[in-house]
Each structure stands twice: as structure tokens, then as C-alpha cells.
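Structure record follows, encoded as C-alpha cells.
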Amino acid sequence: MRELVFSLTYEPESNAVADVLSADPDARVRSLSLHATRESLWRVDHATGTPGTLDALEDAFLTADYYADCLADEPCGATQTTRVLEHTDDTLVCYSYWERTPTCTSVPHLAFDHLGEGLLFETDHRRREYRWRMIHAGTDGSDVRGFLDAVESAVGDAARMDIRRISEAGSSREDAGAASDELDSGLPSEQAAALRAAVEHGYYETPRAVDAAELADR
């Protein structure tokens, strides 16, 4: 298994949620669950912030065009459903679902194209930085460079991409506890259990930095 972490830092007025978060440095939107097939995507997000920020985030979730990760740069005709599951003074939980059209694309769908099946996703959005964390099988057919290039091309001038971390399987069992603790943070219980099992069987290592030359070889 391999881990890939990268971030997209959005320019003003290019992402409605980033515009709201940029005004509240303590606000955060993270995924509680994120799943995709080749035809659709659905997710549950947990947001924290001031009451005013949460009101603005709810409006962005409900009215922004295809917020839930569609990267199409023009109306793509997708059908999206967004529901507010909880809204209190300090918490907002939203469910989003959409079905793809031929012109739709997203980070998970590009990942299917370049990294294969069996992917796990986690996101964390603070201010203008939208960070993606992915676990993938890391098979011989995986094309990490092609995936990153495809995402960068899809976002265009709307955001800057930064690669934060790439790690490979093969950790020692001494590292398992630390890696397992990190993986548990913010993940749904089913995903956390699957990743803990991978750690315990030596298929996951604690993160390490990777340089551009190594990335180019993948």
C-alpha cells in the first residue's frame, strides 16, 4: 500500500467553500466519509467554526455549483443532492451526492483512472488549502505522476498544487503503533479498521518525504 498527500490552494473566487474558510482561520471542513465509484461520488463532511462561518458554509454547500469535488470548469449537467444532517452553533454536518456526466471529473475519478481500484480518501479543508490524503494499492500499473498531472491540469489556474507526502509499504512492526494512531485520526471506523489491519501486517509505513526525482520515476 502507498500513501499520497497533496493540497490544492484555491485562488479567491474560484471555490466558494475556500472563500468562506479564508475569513475564519479557526474554521475547518474535514471528511467523515468519502466514497466514489466510476459513475458517482458521495461524502459526509464535518465543519467547525463560528456561527456566522457555519451559516456561510451551509449556503455554499447548498448553492455552489457542484461543490462536492467536481472539477469541471463549466456547467456539466450533473445532478447533485446536498442535505444538512446537523447544524448547531459550532458544528455543521452535510451529506453530498452526485452522478457523473461525460464531462464531469474529480480527484477520486482521476485516481481511479491512474491508480486503480481499492482507494481510500480523506480530506481536510482549512482557509484556502484543501488537503487530500489517499491510500492506494501501489501496483505496477499505478501512475502517480500521471494522476498528479491530471489533477493539476483539471484545476488549471484555479488552484496551486503542492505535494505534501508520498510513502510506501514495508514498515517494520515497531512503526505500526505510530502509523496506526495517525491513520485513526478523522477516518470512518470501517476505513480505520482496514488500515490498522494493514499496519499490523506490515503493508503500511510511517510517512517519509520523497523528492521530485523519486516522484518522477513513479
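FYI, nothing fancy with the C-alpha cells labels: chains A, B, ... in order, residues from 1 per chain, ligands from 1 as they appear.
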
Quiz prompt | Contact residues around Val5 in chain A with only C-alpha atoms at 10 Å, ignoring same-chain residues under 6 positions, as a ChimeraX atom specification | solution = /A:121-123,131-135,162-167,207

Practice problem: Write out as a ChimeraX atom specification which residues come within 8 Å of Gln80 in chain A when counting only C-alpha atoms, dropping same-chain ones fewer than 3 positions away. | Solution: /A:66,96-99

Take the residues that were just selected and, keeping N, CA and C atoms, output them as a tab-separated table (two decimals), in the first residue's frame.
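What ended up in selection_36.tsv:
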chain	number	residue	atom	x	y	z
A	66	TYR	N	-21.87	22.25	-7.85
A	66	TYR	CA	-21.11	21.01	-7.79
A	66	TYR	C	-19.90	21.12	-6.86
A	96	SER	N	-23.39	14.99	0.69
A	96	SER	CA	-23.46	15.37	-0.73
A	96	SER	C	-23.34	14.13	-1.59
A	97	TYR	N	-24.08	14.14	-2.69
A	97	TYR	CA	-24.05	13.02	-3.64
A	97	TYR	C	-24.23	13.58	-5.04
A	98	TRP	N	-23.47	13.06	-6.01
A	98	TRP	CA	-23.73	13.42	-7.40
A	98	TRP	C	-23.37	12.28	-8.33
A	99	GLU	N	-24.06	12.28	-9.46
A	99	GLU	CA	-23.81	11.30	-10.51
A	99	GLU	C	-23.12	12.00	-11.67

Pick out each residue of range 27-181 of chain A that DSSP on the backbone tags as alpha helix (DSSP H); I need them as an mmCIF file with N, CA, C and O atoms, in the first residue's frame.
data_model
loop_
_atom_site.group_PDB
_atom_site.id
_atom_site.type_symbol
_atom_site.label_atom_id
_atom_site.label_comp_id
_atom_site.auth_asym_id
_atom_site.auth_seq_id
_atom_site.Cartn_x
_atom_site.Cartn_y
_atom_site.Cartn_z
ATOM 1 N N PRO A 51 -20.503 30.681 14.439
ATOM 2 C CA PRO A 51 -21.860 30.544 13.889
ATOM 3 C C PRO A 51 -22.009 31.210 12.527
ATOM 4 O O PRO A 51 -22.656 30.652 11.620
ATOM 5 N N GLY A 52 -21.415 32.393 12.353
ATOM 6 C CA GLY A 52 -21.511 33.065 11.058
ATOM 7 C C GLY A 52 -20.823 32.300 9.954
ATOM 8 O O GLY A 52 -21.314 32.226 8.819
ATOM 9 N N THR A 53 -19.660 31.714 10.263
ATOM 10 C CA THR A 53 -18.946 30.915 9.270
ATOM 11 C C THR A 53 -19.756 29.695 8.877
ATOM 12 O O THR A 53 -19.853 29.349 7.689
ATOM 13 N N LEU A 54 -20.349 29.026 9.856
ATOM 14 C CA LEU A 54 -21.134 27.826 9.548
ATOM 15 C C LEU A 54 -22.362 28.171 8.720
ATOM 16 O O LEU A 54 -22.747 27.399 7.818
ATOM 17 N N ASP A 55 -22.988 29.311 8.988
ATOM 18 C CA ASP A 55 -24.117 29.736 8.146
ATOM 19 C C ASP A 55 -23.652 29.939 6.703
ATOM 20 O O ASP A 55 -24.328 29.524 5.753
ATOM 21 N N ALA A 56 -22.507 30.585 6.533
ATOM 22 C CA ALA A 56 -21.988 30.835 5.192
ATOM 23 C C ALA A 56 -21.576 29.538 4.507
ATOM 24 O O ALA A 56 -21.763 29.367 3.296
ATOM 25 N N LEU A 57 -21.000 28.587 5.267
ATOM 26 C CA LEU A 57 -20.639 27.290 4.690
ATOM 27 C C LEU A 57 -21.872 26.520 4.250
ATOM 28 O O LEU A 57 -21.874 25.909 3.180
ATOM 29 N N GLU A 58 -22.909 26.553 5.057
ATOM 30 C CA GLU A 58 -24.145 25.867 4.651
ATOM 31 C C GLU A 58 -24.663 26.435 3.339
ATOM 32 O O GLU A 58 -25.060 25.692 2.436
ATOM 33 N N ASP A 59 -24.644 27.747 3.232
ATOM 34 C CA ASP A 59 -25.100 28.369 1.984
ATOM 35 C C ASP A 59 -24.223 27.936 0.812
ATOM 36 O O ASP A 59 -24.729 27.640 -0.273
ATOM 37 N N ALA A 60 -22.912 27.869 1.039
ATOM 38 C CA ALA A 60 -22.002 27.443 -0.033
ATOM 39 C C ALA A 60 -22.248 25.995 -0.427
ATOM 40 O O ALA A 60 -22.265 25.649 -1.616
ATOM 41 N N PHE A 61 -22.446 25.130 0.565
ATOM 42 C CA PHE A 61 -22.729 23.727 0.266
ATOM 43 C C PHE A 61 -24.012 23.578 -0.555
ATOM 44 O O PHE A 61 -24.086 22.763 -1.481
ATOM 45 N N LEU A 62 -25.020 24.372 -0.210
ATOM 46 C CA LEU A 62 -26.339 24.187 -0.829
ATOM 47 C C LEU A 62 -26.483 24.908 -2.163
ATOM 48 O O LEU A 62 -27.305 24.505 -2.990
ATOM 49 N N THR A 63 -25.697 25.966 -2.390
ATOM 50 C CA THR A 63 -25.922 26.765 -3.594
ATOM 51 C C THR A 63 -24.769 26.766 -4.581
ATOM 52 O O THR A 63 -24.960 27.075 -5.755
ATOM 53 N N VAL A 107 -11.117 14.500 -8.223
ATOM 54 C CA VAL A 107 -9.900 13.851 -7.741
ATOM 55 C C VAL A 107 -10.091 12.340 -7.612
ATOM 56 O O VAL A 107 -9.266 11.560 -8.110
ATOM 57 N N PRO A 108 -11.170 11.846 -6.970
ATOM 58 C CA PRO A 108 -11.330 10.388 -6.892
ATOM 59 C C PRO A 108 -11.447 9.720 -8.256
ATOM 60 O O PRO A 108 -10.897 8.631 -8.465
ATOM 61 N N HIS A 109 -12.142 10.345 -9.196
ATOM 62 C CA HIS A 109 -12.304 9.709 -10.506
ATOM 63 C C HIS A 109 -11.006 9.713 -11.300
ATOM 64 O O HIS A 109 -10.688 8.744 -12.003
ATOM 65 N N LEU A 110 -10.215 10.756 -11.172
ATOM 66 C CA LEU A 110 -8.894 10.745 -11.787
ATOM 67 C C LEU A 110 -8.001 9.702 -11.124
ATOM 68 O O LEU A 110 -7.163 9.065 -11.777
ATOM 69 N N ALA A 111 -8.181 9.507 -9.815
ATOM 70 C CA ALA A 111 -7.406 8.485 -9.115
ATOM 71 C C ALA A 111 -7.753 7.091 -9.635
ATOM 72 O O ALA A 111 -6.864 6.246 -9.809
ATOM 73 N N PHE A 112 -9.045 6.828 -9.885
ATOM 74 C CA PHE A 112 -9.419 5.541 -10.477
ATOM 75 C C PHE A 112 -8.685 5.321 -11.798
ATOM 76 O O PHE A 112 -8.188 4.230 -12.078
ATOM 77 N N ASP A 113 -8.621 6.370 -12.600
ATOM 78 C CA ASP A 113 -8.016 6.244 -13.930
ATOM 79 C C ASP A 113 -6.530 5.916 -13.853
ATOM 80 O O ASP A 113 -6.010 5.174 -14.692
ATOM 81 N N HIS A 114 -5.830 6.476 -12.854
ATOM 82 C CA HIS A 114 -4.367 6.370 -12.821
ATOM 83 C C HIS A 114 -3.825 5.445 -11.735
ATOM 84 O O HIS A 114 -2.693 4.962 -11.859
ATOM 85 N N LEU A 115 -4.623 5.213 -10.686
ATOM 86 C CA LEU A 115 -4.119 4.429 -9.558
ATOM 87 C C LEU A 115 -4.877 3.130 -9.340
ATOM 88 O O LEU A 115 -4.461 2.309 -8.514
ATOM 89 N N VAL A 144 1.411 7.508 -10.434
ATOM 90 C CA VAL A 144 1.264 8.643 -9.530
ATOM 91 C C VAL A 144 1.520 9.950 -10.260
ATOM 92 O O VAL A 144 0.772 10.921 -10.116
ATOM 93 N N ARG A 145 2.582 9.988 -11.057
ATOM 94 C CA ARG A 145 2.900 11.215 -11.785
ATOM 95 C C ARG A 145 1.779 11.584 -12.744
ATOM 96 O O ARG A 145 1.389 12.757 -12.841
ATOM 97 N N GLY A 146 1.229 10.590 -13.450
ATOM 98 C CA GLY A 146 0.128 10.868 -14.360
ATOM 99 C C GLY A 146 -1.101 11.374 -13.631
ATOM 100 O O GLY A 146 -1.806 12.267 -14.117
ATOM 101 N N PHE A 147 -1.376 10.817 -12.442
ATOM 102 C CA PHE A 147 -2.515 11.272 -11.646
ATOM 103 C C PHE A 147 -2.335 12.726 -11.221
ATOM 104 O O PHE A 147 -3.243 13.548 -11.379
ATOM 105 N N LEU A 148 -1.169 13.060 -10.674
ATOM 106 C CA LEU A 148 -0.930 14.425 -10.219
ATOM 107 C C LEU A 148 -0.984 15.415 -11.374
ATOM 108 O O LEU A 148 -1.528 16.521 -11.241
ATOM 109 N N ASP A 149 -0.440 15.021 -12.522
ATOM 110 C CA ASP A 149 -0.508 15.890 -13.697
ATOM 111 C C ASP A 149 -1.951 16.113 -14.123
ATOM 112 O O ASP A 149 -2.334 17.226 -14.524
ATOM 113 N N ALA A 150 -2.768 15.047 -14.051
ATOM 114 C CA ALA A 150 -4.171 15.164 -14.458
ATOM 115 C C ALA A 150 -4.937 16.087 -13.519
ATOM 116 O O ALA A 150 -5.770 16.892 -13.961
ATOM 117 N N VAL A 151 -4.685 15.980 -12.210
ATOM 118 C CA VAL A 151 -5.349 16.876 -11.253
ATOM 119 C C VAL A 151 -4.924 18.319 -11.492
ATOM 120 O O VAL A 151 -5.760 19.234 -11.528
ATOM 121 N N GLU A 152 -3.623 18.529 -11.667
ATOM 122 C CA GLU A 152 -3.121 19.886 -11.893
ATOM 123 C C GLU A 152 -3.721 20.482 -13.155
ATOM 124 O O GLU A 152 -4.084 21.668 -13.194
ATOM 125 N N SER A 153 -3.854 19.668 -14.204
ATOM 126 C CA SER A 153 -4.465 20.148 -15.442
ATOM 127 C C SER A 153 -5.937 20.476 -15.239
ATOM 128 O O SER A 153 -6.448 21.467 -15.764
ATOM 129 N N ALA A 154 -6.641 19.644 -14.459
ATOM 130 C CA ALA A 154 -8.075 19.844 -14.255
ATOM 131 C C ALA A 154 -8.373 21.111 -13.463
ATOM 132 O O ALA A 154 -9.329 21.829 -13.761
ATOM 133 N N VAL A 155 -7.545 21.430 -12.452
ATOM 134 C CA VAL A 155 -7.814 22.634 -11.655
ATOM 135 C C VAL A 155 -7.327 23.894 -12.361
ATOM 136 O O VAL A 155 -7.818 24.996 -12.093
ATOM 137 N N ALA A 176 4.425 0.284 13.574
ATOM 138 C CA ALA A 176 2.997 0.055 13.356
ATOM 139 C C ALA A 176 2.128 0.871 14.282
ATOM 140 O O ALA A 176 1.112 1.419 13.890
ATOM 141 N N GLY A 177 2.511 0.956 15.584
ATOM 142 C CA GLY A 177 1.671 1.677 16.516
ATOM 143 C C GLY A 177 1.528 3.133 16.160
ATOM 144 O O GLY A 177 0.430 3.681 16.151
ATOM 145 N N ALA A 178 2.637 3.784 15.830
ATOM 146 C CA ALA A 178 2.594 5.207 15.475
ATOM 147 C C ALA A 178 1.793 5.425 14.211
ATOM 148 O O ALA A 178 0.988 6.352 14.114
ATOM 149 N N ALA A 179 2.001 4.570 13.210
ATOM 150 C CA ALA A 179 1.255 4.726 11.961
ATOM 151 C C ALA A 179 -0.219 4.491 12.176
ATOM 152 O O ALA A 179 -1.067 5.194 11.629
ATOM 153 N N SER A 180 -0.551 3.492 13.007
ATOM 154 C CA SER A 180 -1.954 3.197 13.262
ATOM 155 C C SER A 180 -2.638 4.360 13.947
ATOM 156 O O SER A 180 -3.775 4.718 13.619
ATOM 157 N N ASP A 181 -1.964 4.996 14.921
ATOM 158 C CA ASP A 181 -2.559 6.148 15.594
ATOM 159 C C ASP A 181 -2.847 7.257 14.611
ATOM 160 O O ASP A 181 -3.892 7.910 14.665
#

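Among A:Asp45, A:Pro25, A:Cys76, A:Asn15, the residue with the shortest atom-to-atom distance to Ala64 in chain A, counting only C-alpha atoms, is A:Asn15.
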
Quiz prompt | Which of range 54-139 of chain A fall in strand (DSSP E or B), as number ranges by chain | solution = A: 79-87, 92-99, 120-126, 129-136

Keeping N, CA, C and O atoms for every residue in the selection just given, could you write it to a file as a short mmCIF file (atom, residue, chain, number, x, y, z; two decimals), in the first residue's frame?
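Output below, filename again11.cif:
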data_model
loop_
_atom_site.label_atom_id
_atom_site.label_comp_id
_atom_site.auth_asym_id
_atom_site.auth_seq_id
_atom_site.Cartn_x
_atom_site.Cartn_y
_atom_site.Cartn_z
N THR A 79 -26.27 15.91 -11.68
CA THR A 79 -27.33 16.01 -10.69
C THR A 79 -26.73 15.83 -9.31
O THR A 79 -26.15 14.78 -9.02
N GLN A 80 -26.81 16.86 -8.48
CA GLN A 80 -26.23 16.78 -7.13
C GLN A 80 -27.31 16.93 -6.08
O GLN A 80 -28.24 17.72 -6.23
N THR A 81 -27.17 16.17 -5.00
CA THR A 81 -28.04 16.27 -3.84
C THR A 81 -27.19 16.62 -2.63
O THR A 81 -26.17 15.98 -2.38
N THR A 82 -27.58 17.65 -1.89
CA THR A 82 -26.89 18.03 -0.67
C THR A 82 -27.92 18.16 0.45
O THR A 82 -28.96 18.79 0.26
N ARG A 83 -27.62 17.55 1.59
CA ARG A 83 -28.52 17.60 2.73
C ARG A 83 -27.73 18.00 3.97
O ARG A 83 -26.63 17.51 4.20
N VAL A 84 -28.30 18.88 4.79
CA VAL A 84 -27.72 19.25 6.07
C VAL A 84 -28.19 18.24 7.11
O VAL A 84 -29.38 18.11 7.37
N LEU A 85 -27.25 17.49 7.69
CA LEU A 85 -27.58 16.47 8.67
C LEU A 85 -27.59 17.02 10.09
O LEU A 85 -28.30 16.51 10.95
N GLU A 86 -26.78 18.05 10.33
CA GLU A 86 -26.71 18.66 11.65
C GLU A 86 -26.18 20.08 11.51
O GLU A 86 -25.26 20.33 10.74
N HIS A 87 -26.79 21.01 12.24
CA HIS A 87 -26.29 22.39 12.25
C HIS A 87 -26.56 22.96 13.64
O HIS A 87 -27.70 23.22 14.01
N LEU A 92 -21.37 21.80 11.78
CA LEU A 92 -22.20 21.62 10.59
C LEU A 92 -21.80 20.29 9.95
O LEU A 92 -20.61 20.05 9.71
N VAL A 93 -22.78 19.43 9.69
CA VAL A 93 -22.53 18.15 9.03
C VAL A 93 -23.42 18.09 7.79
O VAL A 93 -24.64 18.26 7.89
N CYS A 94 -22.79 17.86 6.64
CA CYS A 94 -23.53 17.84 5.37
C CYS A 94 -23.24 16.56 4.60
O CYS A 94 -22.11 16.04 4.62
N TYR A 95 -24.26 16.08 3.90
CA TYR A 95 -24.14 14.94 3.01
C TYR A 95 -24.28 15.44 1.57
O TYR A 95 -25.16 16.25 1.27
N SER A 96 -23.39 14.99 0.69
CA SER A 96 -23.46 15.37 -0.73
C SER A 96 -23.34 14.13 -1.59
O SER A 96 -22.59 13.20 -1.27
N TYR A 97 -24.08 14.14 -2.69
CA TYR A 97 -24.05 13.02 -3.64
C TYR A 97 -24.23 13.58 -5.04
O TYR A 97 -25.04 14.48 -5.26
N TRP A 98 -23.47 13.06 -6.01
CA TRP A 98 -23.73 13.42 -7.40
C TRP A 98 -23.37 12.28 -8.33
O TRP A 98 -22.55 11.43 -8.02
N GLU A 99 -24.06 12.28 -9.46
CA GLU A 99 -23.81 11.30 -10.51
C GLU A 99 -23.12 12.00 -11.67
O GLU A 99 -23.49 13.11 -12.05
N LEU A 120 -8.77 4.66 -0.81
CA LEU A 120 -9.35 5.30 0.37
C LEU A 120 -9.00 6.77 0.33
O LEU A 120 -7.86 7.14 0.01
N PHE A 121 -9.98 7.62 0.70
CA PHE A 121 -9.79 9.06 0.61
C PHE A 121 -10.10 9.74 1.94
O PHE A 121 -11.01 9.33 2.67
N GLU A 122 -9.38 10.82 2.21
CA GLU A 122 -9.63 11.67 3.37
C GLU A 122 -9.30 13.10 2.97
O GLU A 122 -8.30 13.33 2.28
N THR A 123 -10.13 14.06 3.36
CA THR A 123 -9.86 15.46 3.02
C THR A 123 -9.92 16.35 4.26
O THR A 123 -10.61 16.04 5.23
N ASP A 124 -9.19 17.45 4.20
CA ASP A 124 -9.16 18.44 5.28
C ASP A 124 -9.00 19.80 4.62
O ASP A 124 -8.02 20.07 3.94
N HIS A 125 -9.99 20.67 4.83
CA HIS A 125 -10.03 21.98 4.17
C HIS A 125 -9.93 23.07 5.23
O HIS A 125 -10.81 23.20 6.10
N ARG A 126 -8.84 23.85 5.19
CA ARG A 126 -8.65 24.97 6.10
C ARG A 126 -8.22 26.19 5.29
O ARG A 126 -7.32 26.10 4.47
N GLU A 129 -6.55 26.22 1.68
CA GLU A 129 -5.85 24.97 1.39
C GLU A 129 -6.77 23.76 1.59
O GLU A 129 -7.29 23.52 2.69
N TYR A 130 -6.93 22.99 0.53
CA TYR A 130 -7.78 21.79 0.53
C TYR A 130 -6.85 20.59 0.39
O TYR A 130 -6.29 20.34 -0.67
N ARG A 131 -6.65 19.86 1.49
CA ARG A 131 -5.67 18.78 1.52
C ARG A 131 -6.33 17.42 1.32
O ARG A 131 -7.33 17.09 1.96
N TRP A 132 -5.74 16.65 0.40
CA TRP A 132 -6.21 15.29 0.10
C TRP A 132 -5.21 14.28 0.63
O TRP A 132 -4.00 14.43 0.43
N ARG A 133 -5.70 13.23 1.26
CA ARG A 133 -4.89 12.10 1.70
C ARG A 133 -5.50 10.84 1.10
O ARG A 133 -6.69 10.58 1.25
N MET A 134 -4.68 10.07 0.42
CA MET A 134 -5.17 8.89 -0.29
C MET A 134 -4.30 7.69 0.05
O MET A 134 -3.09 7.80 0.19
N ILE A 135 -4.95 6.53 0.17
CA ILE A 135 -4.26 5.25 0.28
C ILE A 135 -4.60 4.45 -0.97
O ILE A 135 -5.78 4.31 -1.33
N HIS A 136 -3.58 3.95 -1.65
CA HIS A 136 -3.83 3.16 -2.86
C HIS A 136 -2.92 1.94 -2.86
O HIS A 136 -1.96 1.84 -2.08
#

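Nearest residue to Leu119 in chain A, choosing from A:Gly138, A:Arg100, A:Leu32, A:Glu168 and counting only C-alpha atoms: A:Gly138.
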
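Shortest separation to His46 in chain A among A:Ala72, A:Met1, A:Leu34, A:Val29 occurs at residue A:Val29, atoms counted being only C-alpha atoms.
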
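The interatomic distance for the pair CA of Ala47 in chain A and CA of Asp89 in chain A works out to 11.0 Å.
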
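Pairwise distance (CA of Gly118 in chain A, CA of Tyr10 in chain A) equals 28.0 Å.
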
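Residues lying within 7 Å of Ala27 in chain A, counting only C-alpha atoms and ignoring same-chain neighbours fewer than 6 positions away, are Leu21, Thr48, Gly49 and Arg126 of chain A.
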
Okay, now the selection with C-alpha atoms, as a PDB file, in the first residue's frame?
ATOM      1  CA  LEU A  21     -12.926  29.473   5.204  1.00  0.00           C
ATOM      2  CA  THR A  48     -16.421  23.686  12.644  1.00  0.00           C
ATOM      3  CA  GLY A  49     -16.182  27.454  13.023  1.00  0.00           C
ATOM      4  CA  ARG A 126      -8.647  24.975   6.103  1.00  0.00           C
TER       5      ARG A 126
END

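Excluding Glu11 in chain A itself and same-chain residues fewer than 5 positions from it, the residues having an atom within 10 Å of it are Ala18, Asp19, Arg128, Glu129, Asp157, Ala158, Ala159 and Arg160 of chain A, counting only C-alpha atoms.
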
Taking N, CA and C atoms for each residue, export the selection above as a PDB file, in the first residue's frame.
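New file again-v9.pdb:
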ATOM      1  N   ALA A  18     -13.683  27.605  -0.006  1.00  0.00           N
ATOM      2  CA  ALA A  18     -12.402  28.227   0.339  1.00  0.00           C
ATOM      3  C   ALA A  18     -12.575  29.707   0.636  1.00  0.00           C
ATOM      4  N   ASP A  19     -13.443  30.382  -0.099  1.00  0.00           N
ATOM      5  CA  ASP A  19     -13.681  31.805   0.153  1.00  0.00           C
ATOM      6  C   ASP A  19     -14.247  32.020   1.555  1.00  0.00           C
ATOM      7  N   ARG A 128      -7.709  28.517   2.512  1.00  0.00           N
ATOM      8  CA  ARG A 128      -7.782  28.232   1.076  1.00  0.00           C
ATOM      9  C   ARG A 128      -7.135  26.886   0.701  1.00  0.00           C
ATOM     10  N   GLU A 129      -6.550  26.220   1.676  1.00  0.00           N
ATOM     11  CA  GLU A 129      -5.852  24.967   1.394  1.00  0.00           C
ATOM     12  C   GLU A 129      -6.769  23.758   1.594  1.00  0.00           C
ATOM     13  N   ASP A 157      -5.831  27.240 -13.505  1.00  0.00           N
ATOM     14  CA  ASP A 157      -5.393  28.421 -12.771  1.00  0.00           C
ATOM     15  C   ASP A 157      -6.170  28.645 -11.479  1.00  0.00           C
ATOM     16  N   ALA A 158      -7.157  27.794 -11.205  1.00  0.00           N
ATOM     17  CA  ALA A 158      -7.993  27.998 -10.022  1.00  0.00           C
ATOM     18  C   ALA A 158      -7.255  27.693  -8.721  1.00  0.00           C
ATOM     19  N   ALA A 159      -6.239  26.811  -8.782  1.00  0.00           N
ATOM     20  CA  ALA A 159      -5.560  26.414  -7.550  1.00  0.00           C
ATOM     21  C   ALA A 159      -4.116  26.027  -7.827  1.00  0.00           C
ATOM     22  N   ARG A 160      -3.306  26.133  -6.798  1.00  0.00           N
ATOM     23  CA  ARG A 160      -1.911  25.668  -6.848  1.00  0.00           C
ATOM     24  C   ARG A 160      -1.815  24.311  -6.169  1.00  0.00           C
TER      25      ARG A 160
END

Quiz item: Could you state the separation of CA of Trp42 in chain A and CA of Arg30 in chain A in Å, given to one decimal place?
Solution: 13.9 Å

Quiz item: Skipping near chain neighbours, those fewer than 3 positions away, what residues fall within 8 Å of Met161 in chain A using only C-alpha atoms, listed as a list in words?
Solution: Phe6, Ser7, Leu8, Thr9 and Glu152 of chain A
